[in-house]
Structures are given as structure tokens and as C-alpha cells.
file protein_11.txt (compact mmCIF, C-alpha atoms)
# COMPACT_ATOMS: atom_id res chain seq x y z
CA MET A 137 9.08 -54.97 -190.77
CA ASN A 138 6.96 -57.41 -192.75
CA ALA A 139 8.29 -60.74 -194.00
CA LEU A 140 8.88 -59.58 -197.59
CA ILE A 141 10.89 -56.53 -196.55
CA PHE A 142 12.92 -58.69 -194.15
CA ARG A 143 13.69 -61.23 -196.88
CA LYS A 144 14.68 -58.57 -199.41
CA SER A 145 16.83 -56.75 -196.85
CA LEU A 146 18.59 -60.00 -195.95
CA ILE A 147 19.24 -60.67 -199.64
CA ALA A 148 20.65 -57.14 -199.99
CA PHE A 149 22.92 -57.36 -196.92
CA THR A 150 24.28 -60.80 -197.83
CA GLY A 151 24.74 -59.70 -201.44
CA LEU A 152 26.79 -56.65 -200.39
CA PHE A 153 28.89 -58.84 -198.09
CA LEU A 154 29.57 -61.20 -200.99
CA CYS A 155 30.50 -58.23 -203.19
CA LEU A 156 33.14 -57.22 -200.64
CA PHE A 157 34.43 -60.79 -200.55
CA LEU A 158 34.83 -60.82 -204.34
CA ILE A 159 37.10 -57.77 -204.16
CA VAL A 160 39.36 -59.54 -201.66
CA HIS A 161 39.23 -62.80 -203.62
CA LEU A 162 40.14 -61.13 -206.92
CA SER A 163 43.02 -59.28 -205.23
CA ALA A 164 44.38 -62.62 -203.97
CA ASN A 165 44.00 -64.26 -207.39
CA LEU A 166 46.10 -61.49 -208.94
CA ILE A 167 49.07 -63.10 -207.16
CA LEU A 168 48.83 -65.84 -209.79
CA LEU A 169 49.91 -63.31 -212.43
CA LEU A 170 53.28 -62.76 -210.78
CA PRO A 171 56.30 -64.65 -212.21
CA PRO A 172 55.75 -68.34 -211.31
CA GLU A 173 58.83 -68.56 -209.08
CA THR A 174 57.48 -65.65 -207.02
CA ALA A 175 53.78 -66.44 -207.26
CA LYS A 176 54.11 -69.93 -205.81
CA GLY A 177 55.66 -68.88 -202.51
CA VAL A 178 53.49 -65.79 -202.05
CA TYR A 179 50.25 -67.60 -202.94
CA ASN A 180 50.97 -70.58 -200.67
CA GLU A 181 51.98 -68.35 -197.76
CA TYR A 182 48.84 -66.25 -198.22
CA SER A 183 46.66 -69.39 -198.37
CA THR A 184 48.25 -70.72 -195.18
CA PHE A 185 47.57 -67.41 -193.43
CA LEU A 186 43.90 -67.63 -194.42
CA ARG A 187 43.54 -71.22 -193.18
CA GLU A 188 45.30 -70.72 -189.85
CA ASN A 189 44.04 -67.28 -188.82
CA PRO A 190 41.13 -67.62 -186.31
CA LEU A 191 39.56 -64.32 -187.41
CA ILE A 192 39.62 -65.37 -191.05
CA ALA A 193 38.03 -68.70 -190.04
CA ILE A 194 35.11 -66.80 -188.49
CA ILE A 195 34.76 -64.66 -191.62
CA ALA A 196 34.82 -67.84 -193.74
CA TYR A 197 31.87 -69.27 -191.79
CA LEU A 198 30.05 -65.96 -192.21
CA LEU A 199 30.76 -66.22 -195.93
CA TYR A 200 29.29 -69.73 -196.14
CA ALA A 201 26.23 -68.56 -194.18
CA ALA A 202 25.85 -65.51 -196.44
CA ILE A 203 25.91 -67.68 -199.57
CA LEU A 204 23.29 -70.07 -198.16
CA LEU A 205 21.01 -67.29 -196.92
CA HIS A 206 21.37 -65.36 -200.18
CA VAL A 207 20.47 -68.42 -202.25
CA ILE A 208 17.62 -69.63 -200.01
CA TYR A 209 15.90 -66.27 -199.54
CA SER A 210 16.37 -65.29 -203.19
CA GLY A 211 14.63 -68.54 -204.12
CA VAL A 212 11.83 -67.89 -201.63
CA VAL A 213 11.24 -64.33 -202.87
CA THR A 214 11.32 -65.42 -206.54
CA TYR A 215 8.89 -68.27 -205.87
CA ARG A 216 6.44 -66.08 -203.94
CA ASN A 217 6.58 -63.35 -206.56
CA ARG A 218 5.73 -65.81 -209.31
CA LYS A 219 3.04 -67.44 -207.20
CA SER A 220 1.40 -64.08 -206.57
CA ARG A 221 1.09 -63.50 -210.34
CA PRO A 222 0.54 -66.93 -211.92
CA GLN A 223 -0.17 -65.44 -215.33
CA ARG A 224 2.64 -63.67 -217.14
CA TYR A 225 2.15 -59.99 -217.79
CA GLN A 226 1.14 -59.28 -221.37
CA MET A 227 3.87 -56.92 -222.52
CA ASN A 228 4.98 -56.30 -226.05
CA LYS A 229 8.30 -54.79 -224.94
CA PRO A 230 9.16 -56.10 -221.44
CA LEU A 231 12.72 -54.74 -221.56
CA GLU A 232 11.30 -51.20 -221.54
CA ASN A 233 10.00 -51.87 -218.02
CA SER A 234 12.94 -53.84 -216.62
CA SER A 235 16.37 -54.98 -217.74
CA TRP A 236 17.12 -58.43 -219.10
CA ALA A 237 19.27 -59.13 -216.03
CA SER A 238 16.48 -58.21 -213.60
CA GLN A 239 14.09 -60.58 -215.38
CA ASN A 240 16.59 -63.43 -215.27
CA MET A 241 18.29 -62.99 -211.88
CA GLY A 242 17.06 -66.42 -210.82
CA TRP A 243 18.65 -68.21 -213.76
CA LEU A 244 21.82 -66.16 -213.44
CA GLY A 245 21.95 -67.10 -209.77
CA ILE A 246 21.55 -70.80 -210.56
CA LEU A 247 24.48 -70.66 -213.01
CA ILE A 248 26.63 -68.91 -210.40
CA LEU A 249 25.63 -71.49 -207.77
CA ILE A 250 26.67 -74.30 -210.14
CA PHE A 251 30.02 -72.56 -210.57
CA ILE A 252 30.50 -72.19 -206.79
CA VAL A 253 29.76 -75.88 -206.18
CA ILE A 254 32.20 -77.06 -208.87
CA HIS A 255 34.79 -74.52 -207.71
CA LEU A 256 34.53 -75.77 -204.13
CA VAL A 257 34.77 -79.41 -205.22
CA ASN A 258 38.01 -78.67 -207.06
CA PHE A 259 39.63 -76.51 -204.38
CA TRP A 260 37.96 -76.60 -200.98
CA SER A 261 37.35 -80.34 -200.83
CA ARG A 262 40.98 -81.19 -201.65
CA ILE A 263 42.56 -78.56 -199.43
CA LYS A 264 40.13 -78.46 -196.49
CA LEU A 265 38.67 -81.97 -196.47
CA GLU A 266 41.69 -83.75 -198.04
CA ILE A 267 39.43 -85.54 -200.53
CA GLY A 268 41.09 -86.79 -203.70
CA ASP A 269 44.78 -86.59 -204.57
CA PRO A 270 46.86 -85.37 -201.60
CA VAL A 271 48.20 -81.81 -201.76
CA GLY A 272 51.97 -81.59 -201.33
CA THR A 273 54.09 -78.84 -199.77
CA ASP A 274 56.38 -76.29 -201.39
CA PRO A 275 60.06 -75.72 -200.52
CA GLY A 276 58.96 -73.28 -197.80
CA GLY A 277 56.90 -75.97 -196.08
CA TYR A 278 53.55 -74.43 -197.00
CA LEU A 279 50.69 -76.48 -198.41
CA ASP A 280 51.08 -76.18 -202.18
CA VAL A 281 47.73 -74.63 -203.07
CA TYR A 282 49.40 -72.84 -205.96
CA SER A 283 50.12 -76.11 -207.77
CA VAL A 284 46.49 -77.21 -207.34
CA THR A 285 45.30 -73.93 -208.84
CA TYR A 286 47.91 -73.91 -211.60
CA ALA A 287 47.06 -77.49 -212.63
CA LEU A 288 43.36 -76.65 -212.92
CA PHE A 289 44.16 -73.58 -215.00
CA GLN A 290 46.12 -75.82 -217.38
CA ASN A 291 42.93 -77.76 -218.12
CA PRO A 292 41.33 -76.08 -221.17
CA TYR A 293 37.85 -77.38 -220.28
CA TYR A 294 38.03 -75.96 -216.78
CA VAL A 295 39.41 -72.66 -218.08
CA ALA A 296 36.56 -72.42 -220.61
CA PHE A 297 33.98 -73.28 -217.94
CA TYR A 298 35.48 -70.79 -215.46
CA THR A 299 35.69 -68.00 -218.02
CA LEU A 300 32.21 -68.45 -219.50
CA LEU A 301 30.57 -68.49 -216.05
CA MET A 302 31.97 -65.02 -215.40
CA ILE A 303 29.43 -63.68 -217.91
CA PRO A 304 26.36 -64.45 -215.75
CA LEU A 305 28.37 -63.26 -212.73
CA GLY A 306 28.84 -59.87 -214.36
CA PHE A 307 25.13 -59.48 -215.18
CA HIS A 308 24.15 -60.66 -211.69
CA LEU A 309 26.53 -58.21 -209.98
CA HIS A 310 25.51 -55.27 -212.15
CA HIS A 311 21.81 -55.58 -211.37
CA GLY A 312 22.24 -56.96 -207.86
CA LEU A 313 24.45 -54.18 -206.54
CA LYS A 314 22.02 -51.49 -207.69
CA SER A 315 19.04 -53.39 -206.32
CA ALA A 316 20.69 -53.96 -202.94
CA PHE A 317 21.13 -50.25 -202.26
CA LYS A 318 17.60 -49.46 -203.48
CA THR A 319 16.20 -52.17 -201.20
CA LEU A 320 18.05 -50.64 -198.24
CA GLY A 321 16.48 -47.23 -198.88
CA PHE A 322 18.81 -45.49 -201.33
CA HIS A 323 16.38 -43.62 -203.61
CA SER A 324 18.09 -40.38 -204.66
CA ASN A 325 17.58 -39.98 -208.43
CA LYS A 326 21.01 -38.41 -208.96
CA GLY A 327 22.59 -40.94 -206.60
CA LEU A 328 20.94 -43.85 -208.40
CA LYS A 329 22.46 -42.75 -211.71
CA THR A 330 25.90 -42.62 -210.09
CA LEU A 331 25.26 -45.97 -208.43
CA ALA A 332 24.30 -47.47 -211.78
CA SER A 333 27.66 -46.38 -213.21
CA ILE A 334 29.56 -47.68 -210.18
CA SER A 335 27.69 -51.00 -210.38
CA LEU A 336 28.59 -51.36 -214.06
CA ILE A 337 32.28 -50.59 -213.42
CA TYR A 338 32.37 -52.97 -210.45
CA ALA A 339 30.68 -55.78 -212.41
CA LEU A 340 33.08 -55.35 -215.33
CA ILE A 341 36.17 -55.34 -213.10
CA MET A 342 35.04 -58.46 -211.22
CA SER A 343 33.84 -60.51 -214.18
CA VAL A 344 36.62 -59.54 -216.61
CA GLY A 345 39.26 -59.77 -213.87
CA PHE A 346 38.25 -63.27 -212.79
CA ALA A 347 37.87 -64.39 -216.41
CA LEU A 348 41.28 -63.17 -217.56
CA ILE A 349 43.36 -64.76 -214.78
CA PRO A 350 42.85 -68.43 -215.78
CA ILE A 351 43.28 -67.51 -219.47
CA ILE A 352 46.62 -65.77 -218.79
CA VAL A 353 47.85 -68.62 -216.58
CA TYR A 354 46.84 -71.16 -219.21
CA LEU A 355 48.48 -69.33 -222.12
CA ARG A 356 51.79 -68.84 -220.40
call {"tool": "encode", "arguments": {"input": "protein_11.txt", "output": "C-alpha cells"}}
result
Amino acid sequence: MNALIFRKSLIAFTGLFLCLFLIVHLSANLILLLPPETAKGVYNEYSTFLRENPLIAIIAYLLYAAILLHVIYSGVVTYRNRKSRPQRYQMNKPLENSSWASQNMGWLGILILIFIVIHLVNFWSRIKLEIGDPVGTDPGGYLDVYSVTYALFQNPYYVAFYTLLMIPLGFHLHHGLKSAFKTLGFHSNKGLKTLASISLIYALIMSVGFALIPIIVYLR
């Protein structure tokens, strides 16, 4: 396996792992849509389970590693591809050869990375590193992660930022999921058409789902 194939395969594997994580993460965020008196206890208990379960801790470290590897190797591949063709192709209609998302995966990735960093600063740093205002406990004795989340989703600027950044996420997921399977050797013409539809549905569910939750919490 040459270096380029290794890098692309690593990007594909880490991308698929992150896609699985998003399904779990969205499922957990749906708890926020329950009636507040129910959501608070369930969400805090679930968050405590995630923090204190040794297996989940291992998966969390794998998640951090996957994000770093995905970002680093995507950057390396993008840089080397551009370096190998310093002059832009002269094309009158570039979108006939590749989609807009495929041409802008790097920029989409940068926007998503900015979102992840800000998201971690607002949640992970306070809850994991205890930086900033201390997080209290709920009546059940669990760390009150729900109140941290709810307070952020009452900030209209954060809600707007969160919601708008789901647009590049959707484009990135739609193209990335298809590309990951093709990179790993999935080349059936009929299968690729089905995969394209599945990728579109997945990207819509993830991006729209994540975008709607803060809006609903804010409005109610």
C-alpha cells in the first residue's frame, strides 16, 4: 500500500467512525426535546454514565484521535494534491466533473473544525476540565450538564452559530460518506447510486436534526 492510498484509507476509516459517533450524539441530544422536568434528570444521568464508564472513556479517546487523524491527513492529502497540480485546471463548467462539495471539502472541513473547537470550549472545558463557572448538581446528585446546555441554547448568537454551521456539516457528510466507501473499494455502479441516496438521507438527518434541537429549545 503506497502512502497516498494509506492516507486516503485512514481518512475514510476515521470519517466512518465519526459518522457513527454523530448518530449516537444526535440520539443523546434528542433527550433535550423531552419535557424539561424529564429531560434534566435523564440527560444528566446519561452524561454521568458517559463520564464514569471506562469503556466509554476508551471510545472517547478513540474519538479524539479519529478527529485529529482525520483533520491532519485530510490536510496533507489536500496540500499534496494541490502541490502536484500548481496550475488550476482550465474548465468552463467544473461542476460537470465534480460536485461543489467535493471541490470545497477543505473549506467545509475548516468550518466544521472551528465549530468543534468552540463547542468543546463551551462544554468539554467546563465539564471535564472545570474551567470557567462551576457546574452545579441536580436534585438527583448528578452533575447538571443539562443546565449548561440549556443556558447555551438560550443564547441567540450561539443558537445562530450552531444552526448555521450545520449547513457545511451536511455538505461534508453527503460527499464524505460516499467518498469513504469508494476509497475502501466499493465500486458497484448500482450500489454507488444507492449509496448516494443513503448518504443524502444521512446528511439531511444529521444536519437538520442537530440544527433543529437548539432552535426548539430556544423557542420554548
call {"tool": "residues_around", "arguments": {"input": "protein_11.txt", "residues": "stretch 152-163 of chain A", "least_positions_apart": "4", "cutoff": "10 Å", "atoms": "only C-alpha atoms", "output": "list of chain:residue names"}}
result
A:Leu146, A:Ile147, A:Ala148, A:Ile167, A:Leu168, A:Ile195, A:Ala196, A:Leu198, A:Leu199, A:Tyr200, A:Ala202, A:Ile203, A:His206, A:Leu309, A:Gly312, A:Leu313, A:Ala316, A:Phe317, A:Tyr338, A:Ala339, A:Ile341, A:Met342, A:Ser343, A:Gly345, A:Phe346, A:Ile349
call {"tool": "closest_residue", "arguments": {"input": "protein_11.txt", "among": "A:Ser145, A:Ile252, A:Leu140, A:Pro275", "to": "A:Glu173", "atoms": "only C-alpha atoms"}}
result
A:Pro275
call {"tool": "closest_atom_pairs", "arguments": {"input": "protein_11.txt", "of": "stretch 234-313 of chain A", "to": "stretch 177-191 of chain A", "cutoff": "9 Å", "atoms": "only C-alpha atoms", "output": "CSV"}}
result
residue,atom,partner,partner_atom,distance
A:Lys264,CA,A:Arg187,CA,8.7
A:Thr273,CA,A:Asn180,CA,8.9
A:Asp274,CA,A:Gly177,CA,7.5
A:Pro275,CA,A:Gly177,CA,8.4
A:Gly276,CA,A:Gly177,CA,7.2
A:Tyr278,CA,A:Asn180,CA,5.9
A:Leu279,CA,A:Asn180,CA,6.3
A:Asp280,CA,A:Asn180,CA,5.8
A:Val281,CA,A:Asn180,CA,5.7
A:Tyr282,CA,A:Asn180,CA,6.0
call {"tool": "residues_near_point", "arguments": {"input": "protein_11.txt", "point": "(13.4, -65.2, -198.6)", "cutoff": "12 Å", "atoms": "all atoms listed in the file", "output": "JSON, numbers by chain"}}
result
{"A": [138, 139, 140, 141, 142, 143, 144, 145, 146, 147, 148, 150, 204, 205, 206, 207, 208, 209, 210, 211, 212, 213, 214, 215, 216, 217]}
call {"tool": "atom_distance", "arguments": {"input": "protein_11.txt", "atom1": "atom CA of A:Pro304", "atom2": "atom CA of A:Ser335"}}
result
14.5 Å
call {"tool": "residues_around", "arguments": {"input": "protein_11.txt", "residues": "A:Tyr286", "least_positions_apart": "3", "cutoff": "12 Å", "atoms": "only C-alpha atoms", "output": "PDB file with C-alpha atoms, keeping the file's coordinate frame"}}
result
ATOM      1  CA  ASN A 165      44.000 -64.260-207.390  1.00  0.00           C
ATOM      2  CA  ILE A 167      49.070 -63.100-207.160  1.00  0.00           C
ATOM      3  CA  LEU A 168      48.830 -65.840-209.790  1.00  0.00           C
ATOM      4  CA  LEU A 169      49.910 -63.310-212.430  1.00  0.00           C
ATOM      5  CA  PRO A 172      55.750 -68.340-211.310  1.00  0.00           C
ATOM      6  CA  ALA A 175      53.780 -66.440-207.260  1.00  0.00           C
ATOM      7  CA  LYS A 176      54.110 -69.930-205.810  1.00  0.00           C
ATOM      8  CA  TYR A 179      50.250 -67.600-202.940  1.00  0.00           C
ATOM      9  CA  ASN A 180      50.970 -70.580-200.670  1.00  0.00           C
ATOM     10  CA  ASN A 258      38.010 -78.670-207.060  1.00  0.00           C
ATOM     11  CA  PHE A 259      39.630 -76.510-204.380  1.00  0.00           C
ATOM     12  CA  ASP A 280      51.080 -76.180-202.180  1.00  0.00           C
ATOM     13  CA  VAL A 281      47.730 -74.630-203.070  1.00  0.00           C
ATOM     14  CA  TYR A 282      49.400 -72.840-205.960  1.00  0.00           C
ATOM     15  CA  SER A 283      50.120 -76.110-207.770  1.00  0.00           C
ATOM     16  CA  PHE A 289      44.160 -73.580-215.000  1.00  0.00           C
ATOM     17  CA  GLN A 290      46.120 -75.820-217.380  1.00  0.00           C
ATOM     18  CA  ASN A 291      42.930 -77.760-218.120  1.00  0.00           C
ATOM     19  CA  PRO A 292      41.330 -76.080-221.170  1.00  0.00           C
ATOM     20  CA  TYR A 294      38.030 -75.960-216.780  1.00  0.00           C
ATOM     21  CA  VAL A 295      39.410 -72.660-218.080  1.00  0.00           C
ATOM     22  CA  ILE A 349      43.360 -64.760-214.780  1.00  0.00           C
ATOM     23  CA  PRO A 350      42.850 -68.430-215.780  1.00  0.00           C
ATOM     24  CA  ILE A 351      43.280 -67.510-219.470  1.00  0.00           C
ATOM     25  CA  ILE A 352      46.620 -65.770-218.790  1.00  0.00           C
ATOM     26  CA  VAL A 353      47.850 -68.620-216.580  1.00  0.00           C
ATOM     27  CA  TYR A 354      46.840 -71.160-219.210  1.00  0.00           C
ATOM     28  CA  LEU A 355      48.480 -69.330-222.120  1.00  0.00           C
ATOM     29  CA  ARG A 356      51.790 -68.840-220.400  1.00  0.00           C
TER      30      ARG A 356
END
call {"tool": "atom_distance", "arguments": {"input": "protein_11.txt", "atom1": "atom CA of A:Ile192", "atom2": "atom CA of A:Val271"}}
result
21.4 Å
call {"tool": "closest_residue", "arguments": {"input": "protein_11.txt", "among": "A:His311, A:Lys329, A:Leu336, A:Ala296", "to": "A:Ser238", "atoms": "all atoms listed in the file"}}
result
A:His311
call {"tool": "atom_distance", "arguments": {"input": "protein_11.txt", "atom1": "atom CA of A:Ile248", "atom2": "atom CA of A:Lys314"}}
result
18.2 Å
